[in-house]
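Single-structure report; data block below.
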Amino acid sequence: MGKFLAILILVCALIGGGAMYYLQVYGYYDEIAASGPDDVQATLLTTGQPAPLPHSDFQAIDSDSSPIRYRACFRTDLTQDDLTATYQPYPGAVPLLAPKWFDCFDAREIGAALEEGRALAFMGTGNIRYGIDRIIAVMPDGRGFVWHQINRCGEVVFDGQPAPADCPPPPQGN
């Protein structure tokens, strides 16, 4: 009887672990279909408002389970000089890992390129959700990447502290 129970516990653990892995890596993500020029937006230097960034080959995934699971890839014909002259830079951009099956987004490659100055990061949309910024990074070859990153206000509020004076008030319930 003891062997049977040990095997039953082991089988249940394997099934539970496999289900948890599947849900984390595949189950909660949805692919997002390209819908037009507004798929990739960056904040203009002149107005401080997001505007469409010319792009092609848009691919994206997102999940309702977390506001920072959004990842996207695209291509642009704009040069880094064009981007720098037009869009607001984003210091401190740190790409988050994507599931391995979304192979156009390699956070390690993007992060290394940002650190080395080969890739440039720009504000996509600030506070796309409270405390979350949409970030865009573009490589010299025109490959672009988008992800969500917790901003300074979000870090404070999500830790249970009151919003700093220069941050927008958090939505009710936070």
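Identifiers for the structure tokens are assigned positionally: chains receive A, B, ... in sequence, residues are indexed from 1 per chain, and ligands are indexed from 1 in the order shown.
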Distance query region 79-85 of chain A at most 12 Å, only C-alpha atoms, self and fewer than 2 positions along chain excluded, as number ranges by chain
A: 41-46, 53-55, 75-77, 87-90, 117-124, 136-144
DSSP on the backbone, then: every residue of region 38-163 of chain A marked strand (DSSP E or B), written as a PyMOL selection string.
chain A and resi 41-44+50-52+56-63+71-75+87+89+120-129+132-138+143-150
Can I get the selection written as a compact mmCIF listing (two decimals), in the first residue's frame, with N, CA and C atoms?
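Printed below is again_0.txt as written:
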```txt
# COMPACT_ATOMS: atom_id res chain seq x y z
N GLN A 41 3.69 52.54 -31.13
CA GLN A 41 3.66 53.98 -30.92
C GLN A 41 4.82 54.37 -30.04
N ALA A 42 5.38 55.54 -30.30
CA ALA A 42 6.46 56.08 -29.49
C ALA A 42 6.11 57.53 -29.15
N THR A 43 6.59 57.99 -27.99
CA THR A 43 6.28 59.33 -27.52
C THR A 43 7.16 60.35 -28.24
N LEU A 44 6.49 61.32 -28.86
CA LEU A 44 7.18 62.37 -29.61
C LEU A 44 7.89 63.34 -28.68
N PRO A 50 2.16 59.95 -27.45
CA PRO A 50 2.49 58.83 -28.33
C PRO A 50 1.93 59.04 -29.74
N ALA A 51 2.70 58.62 -30.73
CA ALA A 51 2.28 58.68 -32.13
C ALA A 51 2.78 57.42 -32.83
N PRO A 52 2.10 57.01 -33.90
CA PRO A 52 2.54 55.80 -34.60
C PRO A 52 3.98 55.90 -35.08
N SER A 56 6.81 47.49 -39.85
CA SER A 56 6.28 46.34 -40.59
C SER A 56 6.60 45.09 -39.78
N ASP A 57 6.10 43.96 -40.26
CA ASP A 57 6.40 42.65 -39.65
C ASP A 57 6.10 42.61 -38.16
N PHE A 58 4.98 43.16 -37.74
CA PHE A 58 4.61 43.22 -36.33
C PHE A 58 4.15 41.84 -35.83
N GLN A 59 4.70 41.42 -34.69
CA GLN A 59 4.28 40.20 -33.99
C GLN A 59 4.20 40.55 -32.51
N ALA A 60 3.19 40.06 -31.80
CA ALA A 60 3.09 40.37 -30.38
C ALA A 60 2.36 39.28 -29.62
N ILE A 61 2.66 39.23 -28.33
CA ILE A 61 1.96 38.35 -27.40
C ILE A 61 1.62 39.17 -26.16
N ASP A 62 0.58 38.75 -25.47
CA ASP A 62 0.18 39.42 -24.23
C ASP A 62 -0.55 38.41 -23.36
N SER A 63 -0.79 38.80 -22.13
CA SER A 63 -1.48 37.94 -21.18
C SER A 63 -2.30 38.81 -20.25
N ARG A 71 4.95 41.51 -25.06
CA ARG A 71 6.18 41.52 -25.84
C ARG A 71 5.80 41.68 -27.30
N ALA A 72 6.59 42.43 -28.06
CA ALA A 72 6.33 42.57 -29.48
C ALA A 72 7.65 42.73 -30.23
N CYS A 73 7.61 42.39 -31.50
CA CYS A 73 8.74 42.56 -32.41
C CYS A 73 8.22 43.21 -33.68
N PHE A 74 9.08 44.01 -34.31
CA PHE A 74 8.71 44.66 -35.56
C PHE A 74 9.97 45.06 -36.29
N ARG A 75 9.81 45.62 -37.47
CA ARG A 75 10.92 46.19 -38.23
C ARG A 75 10.55 47.62 -38.58
N TYR A 87 11.77 60.89 -31.22
CA TYR A 87 11.10 60.25 -30.09
C TYR A 87 11.86 60.42 -28.78
N PRO A 89 13.73 59.52 -25.53
CA PRO A 89 14.54 58.38 -25.07
C PRO A 89 14.02 57.84 -23.74
N LEU A 120 18.89 51.46 -29.11
CA LEU A 120 18.39 52.65 -28.42
C LEU A 120 16.99 52.38 -27.91
N ALA A 121 16.70 52.87 -26.71
CA ALA A 121 15.38 52.68 -26.10
C ALA A 121 14.61 54.00 -26.11
N PHE A 122 13.30 53.88 -26.35
CA PHE A 122 12.42 55.04 -26.40
C PHE A 122 11.16 54.76 -25.61
N MET A 123 10.55 55.85 -25.11
CA MET A 123 9.26 55.73 -24.44
C MET A 123 8.21 55.42 -25.50
N GLY A 124 7.54 54.31 -25.32
CA GLY A 124 6.42 54.00 -26.19
C GLY A 124 5.22 54.79 -25.71
N THR A 125 4.59 54.29 -24.66
CA THR A 125 3.47 54.97 -24.02
C THR A 125 3.69 54.92 -22.52
N GLY A 126 3.78 56.07 -21.89
CA GLY A 126 3.93 56.12 -20.44
C GLY A 126 2.61 55.80 -19.76
N ASN A 127 2.71 55.06 -18.67
CA ASN A 127 1.52 54.67 -17.90
C ASN A 127 0.44 54.07 -18.79
N ILE A 128 0.84 53.11 -19.62
CA ILE A 128 -0.14 52.43 -20.45
C ILE A 128 -1.17 51.76 -19.55
N ARG A 129 -0.75 51.34 -18.41
CA ARG A 129 -1.57 50.99 -17.23
C ARG A 129 -0.85 51.64 -16.07
N ILE A 132 3.00 51.30 -15.28
CA ILE A 132 3.61 50.46 -16.31
C ILE A 132 3.83 51.30 -17.57
N ASP A 133 5.07 51.32 -18.05
CA ASP A 133 5.39 52.02 -19.29
C ASP A 133 5.60 51.00 -20.40
N ARG A 134 5.20 51.36 -21.62
CA ARG A 134 5.50 50.53 -22.79
C ARG A 134 6.79 51.08 -23.39
N ILE A 135 7.80 50.23 -23.50
CA ILE A 135 9.14 50.61 -23.94
C ILE A 135 9.40 50.05 -25.33
N ILE A 136 10.13 50.81 -26.14
CA ILE A 136 10.53 50.38 -27.48
C ILE A 136 12.06 50.43 -27.55
N ALA A 137 12.65 49.41 -28.11
CA ALA A 137 14.09 49.41 -28.39
C ALA A 137 14.28 49.08 -29.86
N VAL A 138 15.24 49.77 -30.48
CA VAL A 138 15.50 49.55 -31.90
C VAL A 138 16.99 49.31 -32.11
N ARG A 143 15.57 46.20 -36.55
CA ARG A 143 14.72 45.33 -35.74
C ARG A 143 14.29 46.10 -34.50
N GLY A 144 13.01 46.01 -34.18
CA GLY A 144 12.49 46.71 -33.01
C GLY A 144 11.79 45.75 -32.07
N PHE A 145 11.74 46.15 -30.80
CA PHE A 145 11.18 45.30 -29.76
C PHE A 145 10.37 46.18 -28.81
N VAL A 146 9.32 45.62 -28.26
CA VAL A 146 8.46 46.35 -27.35
C VAL A 146 8.18 45.47 -26.15
N TRP A 147 8.17 46.07 -24.95
CA TRP A 147 7.80 45.34 -23.74
C TRP A 147 7.27 46.34 -22.74
N HIS A 148 6.65 45.84 -21.70
CA HIS A 148 6.16 46.67 -20.60
C HIS A 148 7.14 46.59 -19.45
N GLN A 149 7.35 47.73 -18.80
CA GLN A 149 8.29 47.81 -17.69
C GLN A 149 7.66 48.64 -16.58
N ILE A 150 7.84 48.19 -15.34
CA ILE A 150 7.32 48.94 -14.20
C ILE A 150 8.12 50.23 -14.07
```
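As for CA of Arg108 (chain A) and CA of Ala33 (chain A), they are spaced 25.0 Å apart.
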Run DSSP on the backbone and tell me which residues of region 15-106 of chain A come out as alpha helix (DSSP H); list them as a VMD selection string.
chain A and resid 15 to 22 80 to 86
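Considering only C-alpha atoms, the residue among A:Tyr21, A:Gly92, A:Gly154, A:Asp38 positioned nearest to Pro67 (chain A) is A:Gly154.
Close contacts of Pro171 (chain A), defined as residues with an atom at most 12 Å away when counting only C-alpha atoms, with chain neighbours fewer than 3 positions off set aside, comprise Asn127, Arg129, Tyr130, Gly131, Gly154, Val157, Phe158, Pro162, Ala163, Cys167, Pro168 and Asn174 of chain A.
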In Å, rounded to a single decimal, give me how far CA of Tyr28 (chain A) is from CA of Leu114 (chain A).
28.4 Å
Using only C-alpha atoms, determine which residues lie at most 12 Å from Asp166 (chain A), disregarding the query and same-chain residues fewer than 4 positions distant; provide the list as a list in words.
Arg152, Cys153, Pro162 and Pro170 of chain A
